[in-house]
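Q: The following file, structure_1.tsv, comprises TSV, C-alpha atoms:
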```tsv
chain	number	residue	atom	x	y	z
S	20	MET	CA	81.36	145.14	100.65
S	21	PRO	CA	77.78	145.63	99.43
S	22	TRP	CA	75.55	142.97	97.92
S	23	ASP	CA	77.39	142.66	94.63
S	24	LEU	CA	76.04	141.68	91.25
S	25	VAL	CA	76.46	137.97	90.47
S	26	LYS	CA	77.70	137.07	87.00
S	27	LEU	CA	75.53	134.29	85.59
S	28	ASN	CA	76.74	131.59	83.20
S	29	ASP	CA	74.84	133.17	80.30
S	30	GLY	CA	76.64	136.50	80.66
S	31	ASN	CA	73.83	138.31	82.47
S	32	THR	CA	74.13	139.68	86.00
S	33	MET	CA	71.80	139.39	88.99
S	34	PRO	CA	71.63	141.33	92.27
S	35	SER	CA	72.72	139.01	95.07
S	36	ILE	CA	69.84	139.84	97.42
S	37	ALA	CA	66.15	139.75	96.50
S	38	PHE	CA	62.88	140.73	98.12
S	39	GLY	CA	60.55	137.71	97.92
S	40	THR	CA	56.74	137.77	97.80
S	41	TRP	CA	56.14	134.11	98.74
S	42	THR	CA	54.51	134.71	102.14
S	43	LEU	CA	52.84	138.03	101.43
S	44	GLY	CA	49.45	136.86	100.18
S	45	ASN	CA	47.80	139.35	97.85
S	46	GLY	CA	46.12	142.72	97.79
S	47	GLN	CA	47.24	146.27	98.50
S	48	SER	CA	49.53	145.21	101.36
S	49	VAL	CA	51.71	143.36	98.85
S	50	VAL	CA	51.93	146.45	96.66
S	51	ASP	CA	52.93	148.49	99.70
S	52	GLN	CA	55.57	146.02	100.86
S	53	VAL	CA	57.18	145.63	97.43
S	54	ASP	CA	57.15	149.41	97.07
S	55	GLN	CA	58.85	149.71	100.45
S	56	ALA	CA	61.51	147.19	99.47
S	57	LEU	CA	62.28	149.07	96.26
S	58	ASP	CA	62.33	152.34	98.17
S	59	VAL	CA	64.94	151.16	100.69
S	60	GLY	CA	67.22	149.88	97.96
S	61	PHE	CA	66.26	146.35	96.90
S	62	GLU	CA	66.82	145.93	93.16
S	63	HIS	CA	65.60	142.35	92.78
S	64	ILE	CA	61.99	141.18	93.20
S	65	ASP	CA	61.27	137.44	93.40
S	66	THR	CA	57.73	136.20	92.81
S	67	ALA	CA	55.99	133.19	91.26
S	68	GLN	CA	52.88	132.11	89.44
S	69	SER	CA	51.69	130.12	92.47
S	70	TYR	CA	52.11	133.05	94.87
S	71	ARG	CA	49.24	134.75	93.04
S	72	ASN	CA	50.70	138.21	93.62
S	73	GLU	CA	52.60	138.89	90.41
S	74	ALA	CA	50.10	141.64	89.57
S	75	GLU	CA	50.74	143.37	92.90
S	76	ALA	CA	54.51	143.14	92.40
S	77	GLY	CA	54.08	144.57	88.91
S	78	GLN	CA	51.90	147.41	90.19
S	79	ALA	CA	54.50	148.32	92.81
S	80	PHE	CA	57.22	148.36	90.19
S	81	LYS	CA	55.12	150.55	87.88
S	82	GLU	CA	54.29	152.99	90.68
S	83	SER	CA	57.93	153.20	91.77
S	84	GLY	CA	58.87	155.20	88.71
S	85	LEU	CA	61.99	153.09	88.25
S	86	SER	CA	63.06	152.12	84.76
S	87	ARG	CA	62.85	148.49	83.67
S	88	SER	CA	66.63	148.11	83.73
S	89	ASP	CA	66.72	149.28	87.36
S	90	VAL	CA	64.88	146.25	88.73
S	91	PHE	CA	65.69	142.56	88.28
S	92	ILE	CA	62.44	140.57	88.19
S	93	THR	CA	62.25	136.83	88.83
S	94	THR	CA	59.13	134.75	88.50
S	95	LYS	CA	58.48	131.02	88.28
S	96	TRP	CA	56.40	128.54	86.35
S	97	SER	CA	54.49	126.69	89.07
S	98	GLY	CA	52.02	124.76	86.91
S	99	THR	CA	49.19	126.65	88.61
S	100	ASP	CA	45.74	125.70	87.32
S	101	GLY	CA	47.40	123.14	85.05
S	102	LEU	CA	48.75	125.84	82.73
S	103	ASP	CA	51.71	125.01	80.54
S	104	ILE	CA	54.89	127.07	80.20
S	105	PRO	CA	53.97	129.05	77.04
S	106	THR	CA	50.62	130.10	78.53
S	107	SER	CA	52.08	130.74	81.97
S	108	ILE	CA	54.91	133.03	80.86
S	109	THR	CA	52.46	135.05	78.77
S	110	ASN	CA	50.16	135.43	81.78
S	111	SER	CA	53.04	136.28	84.12
S	112	LEU	CA	54.31	139.03	81.85
S	113	LYS	CA	50.80	140.46	81.61
S	114	ASN	CA	50.40	140.34	85.39
S	115	LEU	CA	53.77	141.98	85.96
S	116	GLY	CA	53.19	144.58	83.27
S	117	VAL	CA	56.54	143.94	81.58
S	118	SER	CA	57.68	142.59	78.23
S	119	TYR	CA	60.27	140.22	79.72
S	120	VAL	CA	61.48	138.89	83.05
S	121	ASP	CA	65.11	138.79	83.99
S	122	LEU	CA	64.88	135.24	85.34
S	123	TYR	CA	62.27	132.53	84.79
S	124	LEU	CA	62.43	129.36	86.89
S	125	ILE	CA	60.81	125.93	86.92
S	126	HIS	CA	59.42	125.96	90.45
S	127	SER	CA	59.89	122.24	91.11
S	128	PRO	CA	61.13	119.14	89.25
S	129	ARG	CA	57.79	117.53	90.08
S	130	LEU	CA	56.24	119.77	87.44
S	131	ALA	CA	58.30	118.14	84.67
S	132	ASN	CA	55.62	116.34	82.69
S	133	PRO	CA	56.21	114.22	80.68
S	134	ASP	CA	59.88	114.60	81.61
S	135	ILE	CA	62.61	117.10	82.48
S	136	PRO	CA	64.16	117.35	78.98
S	137	THR	CA	60.80	118.17	77.39
S	138	VAL	CA	59.97	120.86	79.91
S	139	TRP	CA	63.46	122.36	79.78
S	140	ALA	CA	63.22	122.64	75.98
S	141	GLN	CA	60.11	124.79	76.51
S	142	MET	CA	62.09	126.97	78.92
S	143	GLU	CA	64.84	127.35	76.32
S	144	LYS	CA	62.22	128.59	73.85
S	145	VAL	CA	61.03	131.18	76.39
S	146	ARG	CA	64.60	132.51	76.47
S	147	ALA	CA	65.02	132.30	72.69
S	148	ASP	CA	61.80	134.28	72.23
S	149	GLY	CA	63.13	137.06	74.46
S	150	LEU	CA	60.51	136.58	77.17
S	151	ALA	CA	63.18	135.85	79.80
S	152	LYS	CA	66.79	136.95	79.78
S	153	SER	CA	67.87	134.00	81.91
S	154	ILE	CA	66.26	130.68	82.77
S	155	GLY	CA	66.76	128.32	85.66
S	156	VAL	CA	65.22	125.92	88.13
S	157	SER	CA	64.17	125.66	91.75
S	158	ASN	CA	64.34	122.72	94.16
S	159	PHE	CA	66.32	120.53	91.76
S	160	GLY	CA	68.53	117.86	93.32
S	161	VAL	CA	71.78	116.54	91.87
S	162	ALA	CA	70.21	113.68	89.91
S	163	GLU	CA	67.48	115.89	88.46
S	164	MET	CA	70.04	118.47	87.40
S	165	GLU	CA	72.15	115.78	85.73
S	166	THR	CA	69.09	114.66	83.76
S	167	LEU	CA	68.45	118.23	82.66
S	168	LEU	CA	72.06	118.96	81.67
S	169	ALA	CA	72.31	115.77	79.61
S	170	SER	CA	69.95	117.21	76.98
S	171	ALA	CA	70.16	120.96	77.59
S	172	LYS	CA	71.25	123.36	74.88
S	173	VAL	CA	71.28	126.15	77.48
S	174	LYS	CA	72.45	125.50	81.03
S	175	PRO	CA	70.24	126.71	83.87
S	176	ALA	CA	71.63	129.99	85.18
S	177	VAL	CA	70.24	129.44	88.69
S	178	ASN	CA	68.98	126.76	91.08
S	179	GLN	CA	66.91	128.26	93.91
S	180	ILE	CA	66.88	125.94	96.94
S	181	LEU	CA	66.10	125.75	100.64
S	182	PHE	CA	69.30	126.94	102.32
S	183	HIS	CA	70.16	127.67	105.94
S	184	PRO	CA	72.70	126.26	108.42
S	185	TYR	CA	70.47	123.40	109.59
S	186	VAL	CA	70.22	122.02	106.03
S	187	TYR	CA	73.62	123.17	104.78
S	188	ALA	CA	75.23	119.72	105.05
S	189	GLN	CA	72.42	117.95	103.21
S	190	GLN	CA	72.38	120.60	100.46
S	191	ALA	CA	76.16	120.64	100.07
S	192	ALA	CA	76.16	118.18	97.15
S	193	ILE	CA	73.71	120.39	95.23
S	194	VAL	CA	75.85	123.47	95.92
S	195	GLU	CA	79.07	121.74	94.86
S	196	ALA	CA	77.55	120.36	91.67
S	197	ALA	CA	76.17	123.78	90.80
S	198	LYS	CA	79.57	125.37	91.36
S	199	LYS	CA	81.18	122.85	89.00
S	200	ASP	CA	78.62	123.64	86.30
S	201	GLY	CA	78.70	127.41	86.82
S	202	ILE	CA	75.12	127.52	88.12
S	203	ALA	CA	74.31	130.16	90.74
S	204	ILE	CA	72.58	129.04	93.93
S	205	GLU	CA	69.75	131.12	95.38
S	206	ALA	CA	68.76	130.60	99.01
S	207	TYR	CA	65.18	130.78	100.21
S	208	SER	CA	64.00	130.43	103.84
S	209	LEU	CA	67.44	131.42	105.12
S	210	LEU	CA	66.00	132.79	108.37
S	211	ILE	CA	64.09	129.64	109.39
S	212	PRO	CA	66.52	128.96	112.29
S	213	ILE	CA	65.38	132.26	113.82
S	214	THR	CA	61.77	132.60	112.70
S	215	ARG	CA	60.53	129.00	112.97
S	216	LEU	CA	63.15	127.05	114.92
S	217	PRO	CA	64.24	129.32	117.78
S	218	GLY	CA	65.97	127.81	120.78
S	219	GLY	CA	68.25	125.64	118.67
S	220	ALA	CA	71.99	125.18	118.46
S	221	LEU	CA	72.44	128.29	116.33
S	222	ASP	CA	71.08	130.70	118.90
S	223	LYS	CA	74.32	130.98	120.89
S	224	PRO	CA	76.84	131.57	118.06
S	225	LEU	CA	74.51	133.96	116.23
S	226	ALA	CA	74.02	135.98	119.42
S	227	GLN	CA	77.73	136.00	120.26
S	228	ILE	CA	78.83	137.01	116.77
S	229	GLY	CA	76.08	139.60	116.60
S	230	ALA	CA	77.10	141.10	119.94
S	231	ARG	CA	80.69	141.45	118.79
S	232	LEU	CA	79.71	143.06	115.49
S	233	SER	CA	76.75	145.09	116.82
S	234	ALA	CA	74.47	143.14	114.52
S	235	THR	CA	71.23	141.17	114.88
S	236	PRO	CA	71.13	137.36	114.47
S	237	ASP	CA	69.29	137.68	111.17
S	238	GLN	CA	72.00	139.99	109.85
S	239	VAL	CA	74.64	137.44	110.88
S	240	LEU	CA	72.78	134.72	108.95
S	241	MET	CA	72.62	137.00	105.91
S	242	ALA	CA	76.37	137.60	106.11
S	243	TRP	CA	76.96	133.84	106.48
S	244	ALA	CA	74.97	133.15	103.31
S	245	LYS	CA	76.90	135.83	101.45
S	246	ALA	CA	80.14	134.24	102.59
S	247	LYS	CA	78.90	130.93	101.15
S	248	GLY	CA	78.49	132.63	97.77
S	249	VAL	CA	74.73	132.25	97.44
S	250	VAL	CA	72.08	134.76	96.39
S	251	VAL	CA	69.62	135.49	99.21
S	252	VAL	CA	65.84	135.74	98.81
S	253	THR	CA	64.26	137.26	101.90
S	254	THR	CA	61.32	139.34	103.04
S	255	SER	CA	60.01	141.51	105.86
S	256	SER	CA	57.19	143.98	106.35
S	257	LYS	CA	59.44	146.15	108.54
S	258	GLU	CA	61.49	148.86	106.87
S	259	SER	CA	64.16	148.72	109.58
S	260	ARG	CA	64.73	145.01	108.99
S	261	LEU	CA	64.99	145.47	105.24
S	262	LYS	CA	67.62	148.13	105.76
S	263	GLY	CA	69.38	145.80	108.16
S	264	TYR	CA	69.40	143.02	105.58
S	265	LEU	CA	71.01	145.32	103.04
S	266	GLY	CA	73.56	146.43	105.63
S	267	ALA	CA	74.44	142.83	106.51
S	268	ALA	CA	76.61	142.60	103.41
S	269	ASP	CA	79.23	144.69	105.19
S	270	LEU	CA	79.52	142.51	108.30
S	271	PRO	CA	83.14	141.28	108.59
S	272	LEU	CA	82.59	137.65	109.51
S	273	THR	CA	85.80	135.76	110.22
S	274	ASP	CA	86.58	132.23	109.05
S	275	ALA	CA	86.08	131.17	112.67
S	276	ASP	CA	82.62	132.77	112.71
S	277	ILE	CA	81.61	130.87	109.60
S	278	ALA	CA	83.00	127.62	111.00
S	279	ASP	CA	81.10	128.12	114.26
S	280	ILE	CA	77.83	128.65	112.38
S	281	ASP	CA	78.51	125.58	110.22
S	282	SER	CA	79.21	123.45	113.30
S	283	ALA	CA	76.13	124.66	115.15
S	284	GLY	CA	74.04	124.01	112.04
S	285	ALA	CA	75.27	120.40	111.90
S	286	VAL	CA	74.55	119.86	115.61
S	287	GLY	CA	71.13	121.45	115.27
S	288	ARG	CA	70.27	119.25	112.31
S	289	LYS	CA	70.98	116.11	114.34
S	290	ARG	CA	68.85	117.39	117.20
S	291	LEU	CA	65.99	118.23	114.85
S	292	ALA	CA	66.22	114.78	113.27
S	293	ALA	CA	66.12	113.14	116.71
S	294	ARG	CA	63.17	115.31	117.73
S	295	THR	CA	61.30	114.33	114.55
S	296	PHE	CA	62.00	110.63	115.19
S	297	ILE	CA	60.70	110.90	118.76
S	298	ARG	CA	57.55	112.70	117.63
S	299	ARG	CA	56.85	110.04	115.01
S	300	ALA	CA	57.48	107.28	117.54
S	301	ILE	CA	55.00	108.88	119.96
S	302	VAL	CA	52.39	109.20	117.21
S	303	LEU	CA	52.85	105.54	116.23
S	304	ALA	CA	52.69	104.46	119.87
S	305	LEU	CA	49.48	106.39	120.42
S	306	ALA	CA	48.02	105.02	117.22
S	307	GLY	CA	48.98	101.50	118.27
S	308	ALA	CA	47.44	101.98	121.69
S	309	GLY	CA	44.27	103.18	120.05
S	310	VAL	CA	44.09	100.11	117.82
S	311	LEU	CA	44.65	97.78	120.79
S	312	GLY	CA	41.95	99.57	122.72
S	313	LEU	CA	39.47	99.17	119.87
S	314	CYS	CA	40.35	95.50	119.49
S	315	ALA	CA	39.89	94.90	123.21
S	316	TYR	CA	36.55	96.69	123.11
S	317	ALA	CA	35.50	94.49	120.19
S	318	GLY	CA	36.68	91.34	121.94
S	319	ILE	CA	39.49	90.68	119.45
S	320	ASP	CA	42.61	89.12	120.95
S	321	VAL	CA	45.67	90.42	119.06
S	322	LEU	CA	48.31	89.61	121.73
```
In structure tokens, what does this structure look like?

A:
Amino acid sequence: MPWDLVKLNDGNTMPSIAFGTWTLGNGQSVVDQVDQALDVGFEHIDTAQSYRNEAEAGQAFKESGLSRSDVFITTKWSGTDGLDIPTSITNSLKNLGVSYVDLYLIHSPRLANPDIPTVWAQMEKVRADGLAKSIGVSNFGVAEMETLLASAKVKPAVNQILFHPYVYAQQAAIVEAAKKDGIAIEAYSLLIPITRLPGGALDKPLAQIGARLSATPDQVLMAWAKAKGVVVVTTSSKESRLKGYLGAADLPLTDADIADIDSAGAVGRKRLAARTFIRRAIVLALAGAGVLGLCAYAGIDVL
């Protein structure tokens, strides 16, 4: 099956794969890459105030010739330059060259000043004013979401979080809570196990599954995320990879495949945690040795 539309809790729908502009920087190359993504079939563009490339994303959309209803646009309030939500959404719409966004997110709970209920009320006004069809959050944990829901008149439609097999277990509580409340989960940095943490426990099952299905490891990860019911935000400068990401929706992963990826993710997480502990221990040991050396040089007896 293709990347289907996801029905949100406010009645709107959202394409279940998005092209993200987080790592693209700015300038003409961003315009070109967003244009390429739209050209190969992406219908959802994900950007943010702090990425500083909303204008480039908007230019690419304008030059594509597509109608506004053809493209789902997400942006985020990031608190950039200390700007508040009313000012930020106005600026974002101007940058994007549109009269509304399909989804507007709070980029982080750390931005909630003076508190989450106050900030969420401002988001609800953005929606009421027709500046965003749907509103949501990003990087909210279970406790933060509970605080928000306790006073919300409108539930968040989406929570966009870090999501890949190595963090799946630690994010499970967020995913389960969202499911209970009808909140869609969006996954960013899904491909970290391949792009930034190669050589880990996931390498073997991804390669084996990919070989059986004539697919690449990144396509297998995409299919795994789809099987978990999350919306994927991804990016690439290569047209072939973008086409591959779209094609990954049709990969017939078995329950055993998904279980193997889950298991490898859990093993890999433990190894990464151990590696982090060892690195910190080495740093502390070196720091301690340096202090002892300085004390000895100064004639201070600390032993």

Q: Mind dumping a table of every range 149-257 of chain S residue within 8 Å of range 133-141 of chain S, with the nearest atom pair and its distance in Å to one decimal, using only C-alpha atoms, sorted by chain and rising number, as a Markdown table?

A:
```
| residue | atom | partner | partner_atom | distance |
| --- | --- | --- | --- | --- |
| S:Glu163 | CA | S:Ile135 | CA | 7.8 |
| S:Thr166 | CA | S:Ile135 | CA | 7.0 |
| S:Leu167 | CA | S:Pro136 | CA | 5.7 |
| S:Ser170 | CA | S:Pro136 | CA | 6.1 |
| S:Ala171 | CA | S:Pro136 | CA | 7.1 |
```

Q: Mind dumping the selected residues with C-alpha atoms as a tab-separated table (two decimals), in the coordinates of the input?

A:
```tsv
chain	number	residue	atom	x	y	z
S	163	GLU	CA	67.48	115.89	88.46
S	166	THR	CA	69.09	114.66	83.76
S	167	LEU	CA	68.45	118.23	82.66
S	170	SER	CA	69.95	117.21	76.98
S	171	ALA	CA	70.16	120.96	77.59
```

Q: Quote the spacing between CA of Asn28 in chain S and CA of Leu112 in chain S in Å to one decimal place.

A: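 Answer for the CA of Asn28 in chain S to CA of Leu112 in chain S separation: 23.7 Å.
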
Q: Provide the CA of Asp281 in chain S to CA of Leu27 in chain S distance in Å, to one decimal place.

A: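 One can read the CA of Asp281 in chain S to CA of Leu27 in chain S distance as 26.3 Å.
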
Q: For a quick check of understanding, using all atoms listed in the file, which of S:Ala176, S:Ala234, S:Ile211, S:Ala226 has the smallest distance to Lys198 in chain S?

A: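 Once distances to Lys198 in chain S are computed over all atoms listed in the file, the minimum belongs to S:Ala176.
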
Q: Residues near range 255-267 of chain S, anyone? I mean within 6 Å using all atoms listed in the file, not counting same-chain ones fewer than 3 positions away, as a PyMOL selection string.

A: chain S and resi 238+242+270

Q: What is the CA of Pro217 in chain S to CA of Phe182 in chain S distance in Å?

A: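 Computing it gives 16.4 Å between the two atoms.
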
Q: Can you tell me which residues surround Ser157 in chain S at a distance of at most 9 Å, considering all atoms listed in the file, apart from same-chain residues fewer than 3 positions away, and format the answer as a list in words?

A: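 That gives Lys95, Leu124, Ile125, His126, Ser127, Pro128, Val177, Asn178, Gln179, Ile180 and Glu205 of chain S.
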
Q: Please produce a file of the residues just selected, as a PDB file, in the frame of the given file, where the atoms kept are C-alpha atoms.

A:
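To be explicit, this is the file written out as result_1.pdb:
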```pdb
ATOM      1  CA  LYS S  95      58.480 131.020  88.280  1.00  0.00           C
ATOM      2  CA  LEU S 124      62.430 129.360  86.890  1.00  0.00           C
ATOM      3  CA  ILE S 125      60.810 125.930  86.920  1.00  0.00           C
ATOM      4  CA  HIS S 126      59.420 125.960  90.450  1.00  0.00           C
ATOM      5  CA  SER S 127      59.890 122.240  91.110  1.00  0.00           C
ATOM      6  CA  PRO S 128      61.130 119.140  89.250  1.00  0.00           C
ATOM      7  CA  VAL S 177      70.240 129.440  88.690  1.00  0.00           C
ATOM      8  CA  ASN S 178      68.980 126.760  91.080  1.00  0.00           C
ATOM      9  CA  GLN S 179      66.910 128.260  93.910  1.00  0.00           C
ATOM     10  CA  ILE S 180      66.880 125.940  96.940  1.00  0.00           C
ATOM     11  CA  GLU S 205      69.750 131.120  95.380  1.00  0.00           C
TER      12      GLU S 205
END
```

Q: May I ask which of the residues S:Ala37, S:Ala162, S:Ile213, S:Val120 is the closest one to Ala196 in chain S, counting all atoms listed in the file?

A: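 Closest to Ala196 in chain S of all the choices is S:Ala162.
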
Q: So that I can see what lies close to Tyr123 in chain S, please list as a list in words the residues with an atom at most 7 Å from it, counting only C-alpha atoms and leaving out residues fewer than 4 positions away in the same chain.

A: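 In the requested format, the answer is Thr93, Thr94, Lys95, Ala151, Ser153, Ile154 and Gly155 of chain S.
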
Q: Any chance you can output those residues with C-alpha atoms as a PDB file, in the frame of the given file?

A:
```pdb
ATOM      1  CA  THR S  93      62.250 136.830  88.830  1.00  0.00           C
ATOM      2  CA  THR S  94      59.130 134.750  88.500  1.00  0.00           C
ATOM      3  CA  LYS S  95      58.480 131.020  88.280  1.00  0.00           C
ATOM      4  CA  ALA S 151      63.180 135.850  79.800  1.00  0.00           C
ATOM      5  CA  SER S 153      67.870 134.000  81.910  1.00  0.00           C
ATOM      6  CA  ILE S 154      66.260 130.680  82.770  1.00  0.00           C
ATOM      7  CA  GLY S 155      66.760 128.320  85.660  1.00  0.00           C
TER       8      GLY S 155
END
```

Q: Name the closest residue to Leu210 in chain S among the candidates S:Ala268, S:Leu43, S:Leu102, S:Val251; distances are taken between atoms, counting all atoms listed in the file.

A: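 Of all the options, S:Val251 lies closest to Leu210 in chain S.
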
Q: Which neighbours of Glu82 in chain S fall inside 9 Å, counting all atoms listed in the file, when residues of the same chain fewer than 4 positions from it are skipped, and could you give them as JSON, numbers by chain?

A: {"S": [54, 77, 78]}

Q: Save out the residues we just selected, C-alpha atoms, as a JSON list (two decimals), in the coordinates of the input.

A:
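Saved file part31.json follows:
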```json
[["chain", "number", "residue", "atom", "x", "y", "z"],
["S", 54, "ASP", "CA", 57.15, 149.41, 97.07],
["S", 77, "GLY", "CA", 54.08, 144.57, 88.91],
["S", 78, "GLN", "CA", 51.90, 147.41, 90.19]]
```

Q: Which residue gives the smallest distance to Trp22 in chain S among S:Gln227, S:Ser35, S:Ser88, S:Thr66, with all atoms listed in the file counted?

A: S:Ser35

Q: Quick one: everything within 9 Å of Ala197 in chain S, counting all atoms listed in the file, minus sequence neighbours fewer than 5 positions away in the same chain. Send it as a PyMOL selection string.

A: chain S and resi 161+164+177-178+192+202-204

Q: For range 180-207 of chain S, supply N, CA and C atoms and report the output as a CSV table (one decimal), in the frame of the given file.

A:
```
chain,number,residue,atom,x,y,z
S,180,ILE,N,67.1,127.1,96.0
S,180,ILE,CA,66.9,125.9,96.9
S,180,ILE,C,66.7,126.4,98.4
S,181,LEU,N,66.1,125.5,99.2
S,181,LEU,CA,66.1,125.8,100.6
S,181,LEU,C,67.5,125.8,101.1
S,182,PHE,N,67.9,126.8,101.9
S,182,PHE,CA,69.3,126.9,102.3
S,182,PHE,C,69.4,127.7,103.6
S,183,HIS,N,69.8,127.0,104.7
S,183,HIS,CA,70.2,127.7,105.9
S,183,HIS,C,71.1,126.7,106.7
S,184,PRO,N,71.7,127.1,107.8
S,184,PRO,CA,72.7,126.3,108.4
S,184,PRO,C,72.2,124.9,108.8
S,185,TYR,N,71.0,124.7,109.2
S,185,TYR,CA,70.5,123.4,109.6
S,185,TYR,C,70.4,122.4,108.4
S,186,VAL,N,70.3,122.9,107.2
S,186,VAL,CA,70.2,122.0,106.0
S,186,VAL,C,71.5,122.1,105.2
S,187,TYR,N,72.4,122.9,105.6
S,187,TYR,CA,73.6,123.2,104.8
S,187,TYR,C,74.3,121.9,104.4
S,188,ALA,N,74.5,121.0,105.3
S,188,ALA,CA,75.2,119.7,105.0
S,188,ALA,C,74.5,118.9,104.0
S,189,GLN,N,73.2,118.8,104.1
S,189,GLN,CA,72.4,118.0,103.2
S,189,GLN,C,72.3,118.6,101.8
S,190,GLN,N,72.4,119.9,101.7
S,190,GLN,CA,72.4,120.6,100.5
S,190,GLN,C,73.8,120.8,99.8
S,191,ALA,N,74.8,120.4,100.5
S,191,ALA,CA,76.2,120.6,100.1
S,191,ALA,C,76.4,120.0,98.7
S,192,ALA,N,75.9,118.8,98.4
S,192,ALA,CA,76.2,118.2,97.2
S,192,ALA,C,75.5,119.0,96.0
S,193,ILE,N,74.4,119.5,96.3
S,193,ILE,CA,73.7,120.4,95.2
S,193,ILE,C,74.6,121.6,95.0
S,194,VAL,N,75.0,122.2,96.0
S,194,VAL,CA,75.8,123.5,95.9
S,194,VAL,C,77.1,123.2,95.2
S,195,GLU,N,77.8,122.1,95.5
S,195,GLU,CA,79.1,121.7,94.9
S,195,GLU,C,78.9,121.4,93.4
S,196,ALA,N,77.8,120.7,93.1
S,196,ALA,CA,77.6,120.4,91.7
S,196,ALA,C,77.2,121.6,90.9
S,197,ALA,N,76.5,122.5,91.5
S,197,ALA,CA,76.2,123.8,90.8
S,197,ALA,C,77.4,124.6,90.5
S,198,LYS,N,78.3,124.6,91.5
S,198,LYS,CA,79.6,125.4,91.4
S,198,LYS,C,80.4,124.8,90.2
S,199,LYS,N,80.4,123.5,90.1
S,199,LYS,CA,81.2,122.8,89.0
S,199,LYS,C,80.6,123.2,87.6
S,200,ASP,N,79.3,123.3,87.6
S,200,ASP,CA,78.6,123.6,86.3
S,200,ASP,C,78.4,125.1,86.1
S,201,GLY,N,78.9,126.0,87.0
S,201,GLY,CA,78.7,127.4,86.8
S,201,GLY,C,77.3,127.9,87.0
S,202,ILE,N,76.5,127.2,87.9
S,202,ILE,CA,75.1,127.5,88.1
S,202,ILE,C,75.0,128.2,89.5
S,203,ALA,N,74.4,129.4,89.5
S,203,ALA,CA,74.3,130.2,90.7
S,203,ALA,C,73.3,129.5,91.6
S,204,ILE,N,73.5,129.5,92.9
S,204,ILE,CA,72.6,129.0,93.9
S,204,ILE,C,71.9,130.2,94.6
S,205,GLU,N,70.5,130.2,94.6
S,205,GLU,CA,69.8,131.1,95.4
S,205,GLU,C,69.2,130.4,96.6
S,206,ALA,N,69.2,131.2,97.7
S,206,ALA,CA,68.8,130.6,99.0
S,206,ALA,C,67.4,131.2,99.4
S,207,TYR,N,66.4,130.3,99.6
S,207,TYR,CA,65.2,130.8,100.2
S,207,TYR,C,65.1,130.2,101.6
```
